Every structure is written in structure tokens, then in C-alpha cells.
Amino acid sequence: MGPFVPDLISDQLNLIVALILGIAFGFVLEQAGFSSSRRLAGVFYGYDFTVLRVFFTAAVTAMSGILLLGYAGLLDTEAIYINPTWLWPAVVGGAIMGLGFVLGGYCPGTSVCAAAIGKVDAMFFVGGGLLGVFVFGEMFPLFKTFFNSTALGPVRVYDSLGISGGLFAFILIAVAVSAFAITTIIERKVNSASLSRDFNLSKHRLAAIGVLALGLVFLVLPERKAHMISTVSSAGYVAAHPVKVMPVDELAYLLVDKETRLQMVDIRSPEQFAKLALPGSRNISLRDFFSKDNTALFSQRHVKKVIVADDEAQEKAGCLLLQSLGYENVAALEGGLPTFKHVILDSTAFVPTGSRWDNDVKTFRQTARAEIARMIDAGKNIAPKAVKTEKKIKGGC
Amino acid sequence: MLLYRTRVSHHHRIERDLQSESNDHRLRGSEMNTKYMNPYLAGFFLGLVLLATIFITGRGLGASGAVKDVVLTTVHAIAPAHAEHSTFFGSYFGEGKESPMKSWLVFEVIGVLIGAFISGLVSDRLKVVTESGPRVQPKLRWIFAVIGGALFGAGAQFARGCTSGAALSGMAVLSTAGFIAMLAIFGTGFAVAYFFRKLWI
């Protein structure tokens, strides 16, 4: 599952990867005509909309790919770098860059491209860029407050707008295709020598229909995580897929025995978990089962993962979710946490098992009750463990 | 308004083509239109490169970050004490921090230089030339290129990235910042274009 950094690809190798991807990036930009300032500036005057076509096609392609790979479970979309938003600095910075685009005829990436093939104006632009960063750096104390203002964190645009990701993807695709059609009409009116006159009309229309169809797919495609969670949670699915159930006495025994090949995964809310949690259990929500951060924990085959929730059905759904994600050795706790609480922790009244060893069971439970209560108390006295800091992907400019 | 602009630019185009013929330092109209890839196909390939980048490395493409790294290194080489005590530059230096030149974006931009050069080579576009609007002399073009570059350099700091890093890569991962940057860059571009039309048409 992607991304391969930092697990499969080290920081050192990543630099070589950067070089190779950069070569591809530069090659495509130059082939697209982004090494020409007149073409780039043309988008603002209606005589050449190449920039718009390339830019939006690239954005839609990459976005669609990410959504599809994420849906197929090949890419952990929670692990990729989402550039954080500083609202007003982004607006002001973007406006300054827009002015720079019209005056300079390039943006930083395209100027490097154009300089590489000998455009002297691009070399001056690159020099100007260095100067701009330097001046910004020297004057930084003046802007510092503004620079750090209105921080919203790594928010997604569909969350900001309060719509679903699929709907947003569809809207973006529809807007892009409409913009392509309208700007082509404008371009042909303004520029008789427009390259768009050579476009093969039927092929372009076919492509537009194809892309719009993809947008419709995004619109109806349920989000993968929500879809899988609702599938495994349905009563019919749980009934059709048997799951191992661990009796409360067995769990109590393993706890008292300090069994190391046991990991309880508590899928209840963090609030409930804070109130009462079994010793050594981890609080992981169903949605976080998909996260790469938990792969290492779940993929230990010799460790039995016991799912803990308020009732057995929820636990079974958790087990089935783990199994459908490819993990093994999972079990549900018999009757859920309330049963465990009632039988082992709370009640001094004995809940008979109906077997002829009931007397031994009674003795065992009394011992276990005291021991587990002590373990829970000990756990409460320990300050919450700092969350293991995973190596995070660094990104951004 | 649009009609008016259309007529005006039609006029300019003829003028431009005439001027292009007589000016060797400038690209000719015909030369501008040679052998570029179909923009949608190019955009598709660019999207695939970006997708591969995100799939493999978990981060997007960029450019302005490398410009910053070069500035950081230069300032540090010339005035180390100044760089380390600066509010902005200082945070990039110190114990255990790698040289700014050993960054992902610096290597990526070196790749861009190589890739663009290869593309120019295979498409026969390697030529030392200043490209400018039909009414602009090279010197004026250079001055505006420096100003534009400087604005881009400073603006990219506020927005935490440029057209590639903030707008394009940000849009691909559906970050709010990416869409704001894109709208602000192109919105401002269209808003101010009229006032600087003599630079390009």
C-alpha cells in the first residue's frame, strides 16, 4: 500500500526518486509548451489557454487517480501530505503570485523549465525569485503575525464546503470540462492561429464524455471506508461470516497470566475508553483500522487481537473488518465489555457457567477480579503514554 | 467588453506577426506554434507524474521550496551568523538539521532542469533567446521578469507554495489551501491582466 515513503523508501533513496520524478516533471512541462512565457501569459489575454488545459487536466487526473487508488485500498489517503491552510496568507500570497505571473510571464516551476532550454527572460525570472525570497526573509519580522494567522490545519476542500468528497470531485470535473469548452471558443475568436483549431473535435468530445462519466462514478461511489464498515456491520454479513468468540473467563485468565500474545483493541469512543478500559487495551476506531499506522500492530500473526466493544455484534463487525483487510488471528469478546464487567469485575454474586467445575470457576473469578481491578488501577495511575511518534511524511514548498 | 477586447487583440495579432518577422531576438509567430504536445495529453501525463509522486513519496511536486533552499544556503554561506539569528532563515539552521540543499525539492528541481533540457533537445527547441510580447524590448522584458519572479518568490512564502506546490499538488489531494491558492493566483492574474496588456499583446 502506498505511499512507500518512509517505510519502503529511505530518506536517501527518496532524493534519487525526487530527481527521477523531477526529470519526468520537467520533460512534460516543456513538451506542454510551459517553457514559453508568451504561451503562459496567453491564458490571461485569451489568445492561448494552454496553461488552463494542462493545469486542470493534470489536477483532475491526479485527483481521480488518488481517489481510485484510495478506493481500491492501494493508497493510504490519510498518510499523504495535505498542505495545511492558512486562509488569509494563502489569499494574499496567491494574489501576489498572480501579479507576478502577469508581470513575469512564468511561475517558478515553468521558469526553471524555460531557463533549461535557454530562455534568457526565464533566467532573470529565476534570479528574481531568489531575490523575492531573500527580501521576504529579511523583512519577515514585519509579516510574522499575519504569516501565522488564520491557520486551519490540513483541511480538505470538501470538508470546508460541507459537501461529500465524491460530489466535489464531480463538480470539479464538470467545471473543468465546461471551462475547456468555453475557453476554446474564446481562444478561437481571439487568436486565428490558435493551436486549438487543429484539435480533433470528435476525439475531444469523446474524452470530455469519458471524464464526465468518471465524475459521475465518483458521485455515486460510496466512500470506501464507510462502505466497508457498513458492509461488515450489517446483521446479514455478520450472520454469514462466523467469528471466533473468546469467553470472558478465558480473557480474564490470559489477563491475569500476563499473556504477551494478546492485544485487546477497544473500538468504543475515546470518552468511554477513558472511563473504563481493560488493562493493556488500545483504543482504535474502526476508521483507523485502515490507517497505515496500525498495520504493524494488526499484522503480528501470533498475537491474538481481541476486539472489545459494548456488544458482541459490534465486536464481530470489527473482527470481520480486520479479516477483510487481510489480518488474521482475531476474536470477539463474549457478550462485549458489559458482560465482562458484570461477570468478572463487578458482581460478587456468582454467575454460574453450568459446568461441574463451577466451584473452581468461582474461586478463579474472585482471584481474577482482585488482580484485574488492581491492574486497571495501576494503569490509571500511569500517565497516558505519549502516542508513538511515527515518521511523518514531510512535504510542501 | 469581450467583443472589444477581441477586436483589439485581433488588431494586435496582425501587428505582432508583422513585428515578429522583423525581430530576430523574438520568437516568430510560426515558431511559437511548433510541435507542442496536445495540451490535454500533456496535462494527462503531468497528472500521472504527480500521481506517481504522491503514490510513491506521499507528497506532491513543487518548485518554490527549492528556490528558498538556494536562498537559505547562499545567505548562510555569506553571513552564517546573520542567517542563524534571522527570524525566518534561522529556523532552518541549527543542531541536527541537514543542509537545505539536501532537500527533496532541490533534487526534484535539478531533475526538472534535466528533463526540460532533454525535452528541448529532442524537440529541437534549445536556443538562447529572450521571449517577449511584440512591443517589448528585451531589457524591459528582463526587468519585468525579475519583478515577476520576486513577487512570485515572496508570494509563495505567504501561500506556502507556488503554482506547483500549493495550487496543483494541493488540488490533487483536495486540500483547501490548494484551491485557495489556485483561485487567488489565476483570479488576480485575470483581474490585473488588462493593466499590463502592453507587455504581452
# chains A, B, ... in the order shown; residues from 1 in each chain; ligands from 1
call {"tool": "select_by_dssp", "arguments": {"residues": "segment 79-296 of chain A", "states": "strand (DSSP E)", "output": "MDAnalysis selection string"}}
result
chainID A and resid 85:86 151:153 245:246 262:266 282:283
call {"tool": "write_last_selection", "arguments": {"atoms": "C-alpha atoms", "output": "PDB file, in the first residue's frame"}}
result
ATOM      1  CA  THR A  85      -4.321  26.035   5.063  1.00  0.00           C
ATOM      2  CA  TRP A  86      -3.521  29.495   6.362  1.00  0.00           C
ATOM      3  CA  ALA A 151      -4.331  28.649  10.475  1.00  0.00           C
ATOM      4  CA  LEU A 152      -6.931  25.999   9.652  1.00  0.00           C
ATOM      5  CA  GLY A 153      -4.635  22.985   9.522  1.00  0.00           C
ATOM      6  CA  VAL A 245     -15.560 -15.623  20.264  1.00  0.00           C
ATOM      7  CA  MET A 246     -13.386 -15.550  23.345  1.00  0.00           C
ATOM      8  CA  LEU A 262      -2.730 -10.873  23.289  1.00  0.00           C
ATOM      9  CA  GLN A 263      -3.804  -7.428  22.153  1.00  0.00           C
ATOM     10  CA  MET A 264      -7.184  -6.018  23.059  1.00  0.00           C
ATOM     11  CA  VAL A 265      -8.465  -3.477  20.586  1.00  0.00           C
ATOM     12  CA  ASP A 266     -11.157  -1.278  22.089  1.00  0.00           C
ATOM     13  CA  ARG A 282      -5.625   0.021  22.744  1.00  0.00           C
ATOM     14  CA  ASN A 283      -8.369   2.406  21.669  1.00  0.00           C
TER      15      ASN A 283
END
call {"tool": "residues_around", "arguments": {"residues": "segment 69-71 of chain B", "least_positions_apart": "4", "cutoff": "9 Å", "atoms": "only C-alpha atoms", "output": "VMD selection string"}}
result
(chain A and resid 130 to 131 133 to 134) or (chain B and resid 64 to 65 75 to 76 99 to 103 105 to 106)
call {"tool": "write_last_selection", "arguments": {"atoms": "N, CA, C and O atoms", "output": "CSV table (one decimal), in the first residue's frame"}}
result
chain,number,residue,atom,x,y,z
A,130,LEU,N,14.8,34.3,-6.4
A,130,LEU,CA,15.8,34.2,-5.3
A,130,LEU,C,15.7,35.6,-4.6
A,130,LEU,O,15.7,35.6,-3.3
A,131,LEU,N,15.7,36.7,-5.3
A,131,LEU,CA,15.6,38.0,-4.7
A,131,LEU,C,14.4,38.1,-3.8
A,131,LEU,O,14.4,38.6,-2.7
A,133,VAL,N,12.5,35.8,-2.4
A,133,VAL,CA,12.6,35.1,-1.1
A,133,VAL,C,13.5,35.7,-0.1
A,133,VAL,O,13.2,35.8,1.1
A,134,PHE,N,14.6,36.2,-0.6
A,134,PHE,CA,15.6,36.9,0.3
A,134,PHE,C,15.0,38.1,0.9
A,134,PHE,O,15.0,38.3,2.1
B,64,SER,N,9.0,26.3,-5.7
B,64,SER,CA,9.4,27.5,-4.9
B,64,SER,C,10.2,27.1,-3.7
B,64,SER,O,11.1,27.8,-3.2
B,65,GLY,N,10.0,25.9,-3.1
B,65,GLY,CA,10.7,25.4,-2.0
B,65,GLY,C,12.2,25.3,-2.3
B,65,GLY,O,13.0,25.6,-1.4
B,75,VAL,N,22.6,32.7,1.8
B,75,VAL,CA,22.7,33.6,2.9
B,75,VAL,C,23.6,33.0,4.0
B,75,VAL,O,24.4,33.7,4.6
B,76,HIS,N,23.4,31.7,4.2
B,76,HIS,CA,24.2,31.1,5.3
B,76,HIS,C,25.7,31.1,4.9
B,76,HIS,O,26.6,31.2,5.8
B,99,SER,N,21.7,20.2,5.6
B,99,SER,CA,21.9,21.4,4.8
B,99,SER,C,20.6,21.5,3.9
B,99,SER,O,20.0,20.5,3.5
B,100,PRO,N,20.1,22.8,3.7
B,100,PRO,CA,18.9,23.0,3.0
B,100,PRO,C,19.0,22.4,1.5
B,100,PRO,O,18.0,22.1,0.9
B,101,MET,N,20.3,22.3,1.0
B,101,MET,CA,20.4,21.8,-0.3
B,101,MET,C,20.1,20.4,-0.5
B,101,MET,O,19.9,19.8,-1.5
B,102,LYS,N,20.2,19.7,0.7
B,102,LYS,CA,19.9,18.2,0.6
B,102,LYS,C,18.4,18.0,0.9
B,102,LYS,O,18.0,17.2,1.7
B,103,SER,N,17.6,18.7,0.1
B,103,SER,CA,16.1,18.6,0.3
B,103,SER,C,15.5,17.9,-0.9
B,103,SER,O,16.1,17.9,-2.0
B,105,LEU,N,13.0,18.8,-2.6
B,105,LEU,CA,12.6,19.8,-3.7
B,105,LEU,C,13.8,20.2,-4.5
B,105,LEU,O,13.7,20.4,-5.7
B,106,VAL,N,15.0,20.3,-3.9
B,106,VAL,CA,16.2,20.7,-4.6
B,106,VAL,C,16.5,19.6,-5.7
B,106,VAL,O,16.8,19.9,-6.8
call {"tool": "atom_distance", "arguments": {"atom1": "atom CA of Ala184 of chain B", "atom2": "atom CA of Thr87 of chain B"}}
result
27.0 Å
call {"tool": "select_by_dssp", "arguments": {"residues": "segment 148-266 of chain A", "states": "helix (DSSP H, G or I)", "output": "JSON, numbers by chain"}}
result
{"A": [157, 158, 159, 160, 161, 165, 166, 167, 168, 169, 170, 171, 172, 173, 174, 175, 176, 177, 178, 179, 180, 181, 182, 183, 184, 185, 186, 187, 188, 189, 190, 195, 196, 197, 198, 201, 202, 203, 204, 205, 206, 207, 208, 209, 210, 211, 212, 213, 214, 215, 216, 217, 218, 219, 220, 224, 225, 226, 227, 228, 229, 230, 231, 232, 233, 235, 236, 237, 238, 239, 240, 248, 249, 250, 251, 252, 253, 254, 255, 256]}
call {"tool": "residues_around", "arguments": {"residues": "Val43 of chain A", "least_positions_apart": "3", "cutoff": "10 Å", "atoms": "only C-alpha atoms", "output": "ChimeraX atom specification"}}
result
/A:38-40,46-53,102,183,187 /B:186,189-190,193
call {"tool": "write_last_selection", "arguments": {"atoms": "N, CA and C atoms", "output": "PDB file, in the first residue's frame"}}
result
ATOM      1  N   ARG A  38       5.167  33.570 -23.450  1.00  0.00           N
ATOM      2  CA  ARG A  38       4.033  34.137 -24.193  1.00  0.00           C
ATOM      3  C   ARG A  38       2.835  33.202 -24.161  1.00  0.00           C
ATOM      4  N   ARG A  39       3.120  31.907 -24.209  1.00  0.00           N
ATOM      5  CA  ARG A  39       2.006  30.953 -24.084  1.00  0.00           C
ATOM      6  C   ARG A  39       1.419  31.012 -22.683  1.00  0.00           C
ATOM      7  N   LEU A  40       2.292  31.097 -21.679  1.00  0.00           N
ATOM      8  CA  LEU A  40       1.810  31.117 -20.299  1.00  0.00           C
ATOM      9  C   LEU A  40       0.970  32.358 -20.048  1.00  0.00           C
ATOM     10  N   GLY A  46      -6.543  35.536 -23.370  1.00  0.00           N
ATOM     11  CA  GLY A  46      -7.478  34.809 -24.220  1.00  0.00           C
ATOM     12  C   GLY A  46      -6.924  34.329 -25.525  1.00  0.00           C
ATOM     13  N   TYR A  47      -5.621  34.532 -25.790  1.00  0.00           N
ATOM     14  CA  TYR A  47      -5.120  34.054 -27.066  1.00  0.00           C
ATOM     15  C   TYR A  47      -4.513  32.655 -26.978  1.00  0.00           C
ATOM     16  N   ASP A  48      -4.295  32.154 -25.762  1.00  0.00           N
ATOM     17  CA  ASP A  48      -3.729  30.818 -25.628  1.00  0.00           C
ATOM     18  C   ASP A  48      -4.086  30.242 -24.255  1.00  0.00           C
ATOM     19  N   PHE A  49      -4.975  29.283 -24.233  1.00  0.00           N
ATOM     20  CA  PHE A  49      -5.413  28.716 -22.950  1.00  0.00           C
ATOM     21  C   PHE A  49      -4.703  27.398 -22.621  1.00  0.00           C
ATOM     22  N   THR A  50      -3.508  27.244 -23.191  1.00  0.00           N
ATOM     23  CA  THR A  50      -2.754  26.007 -22.934  1.00  0.00           C
ATOM     24  C   THR A  50      -2.601  25.741 -21.440  1.00  0.00           C
ATOM     25  N   VAL A  51      -2.220  26.795 -20.704  1.00  0.00           N
ATOM     26  CA  VAL A  51      -1.965  26.644 -19.268  1.00  0.00           C
ATOM     27  C   VAL A  51      -3.186  26.052 -18.574  1.00  0.00           C
ATOM     28  N   LEU A  52      -4.323  26.640 -18.867  1.00  0.00           N
ATOM     29  CA  LEU A  52      -5.559  26.184 -18.228  1.00  0.00           C
ATOM     30  C   LEU A  52      -5.829  24.727 -18.564  1.00  0.00           C
ATOM     31  N   ARG A  53      -5.645  24.370 -19.861  1.00  0.00           N
ATOM     32  CA  ARG A  53      -5.928  22.986 -20.276  1.00  0.00           C
ATOM     33  C   ARG A  53      -4.998  22.014 -19.565  1.00  0.00           C
ATOM     34  N   VAL A 102       1.544  37.680 -14.261  1.00  0.00           N
ATOM     35  CA  VAL A 102       1.266  38.575 -15.389  1.00  0.00           C
ATOM     36  C   VAL A 102       2.503  39.405 -15.740  1.00  0.00           C
ATOM     37  N   THR A 183     -13.371  28.161 -22.997  1.00  0.00           N
ATOM     38  CA  THR A 183     -12.125  28.852 -23.337  1.00  0.00           C
ATOM     39  C   THR A 183     -11.671  28.527 -24.751  1.00  0.00           C
ATOM     40  N   GLU A 187     -10.741  31.312 -27.327  1.00  0.00           N
ATOM     41  CA  GLU A 187      -9.415  31.310 -27.939  1.00  0.00           C
ATOM     42  C   GLU A 187      -9.497  31.380 -29.464  1.00  0.00           C
TER      43      GLU A 187
ATOM     44  N   PHE B 186      -4.880  32.737 -10.253  1.00  0.00           N
ATOM     45  CA  PHE B 186      -5.491  32.997 -11.561  1.00  0.00           C
ATOM     46  C   PHE B 186      -6.497  34.143 -11.494  1.00  0.00           C
ATOM     47  N   GLY B 189      -4.510  37.202 -11.591  1.00  0.00           N
ATOM     48  CA  GLY B 189      -3.936  37.308 -12.934  1.00  0.00           C
ATOM     49  C   GLY B 189      -4.930  37.906 -13.919  1.00  0.00           C
ATOM     50  N   PHE B 190      -6.149  37.376 -13.923  1.00  0.00           N
ATOM     51  CA  PHE B 190      -7.174  37.898 -14.841  1.00  0.00           C
ATOM     52  C   PHE B 190      -7.555  39.331 -14.476  1.00  0.00           C
ATOM     53  N   ALA B 193      -4.574  41.648 -15.572  1.00  0.00           N
ATOM     54  CA  ALA B 193      -4.018  41.456 -16.919  1.00  0.00           C
ATOM     55  C   ALA B 193      -4.228  42.685 -17.811  1.00  0.00           C
TER      56      ALA B 193
END
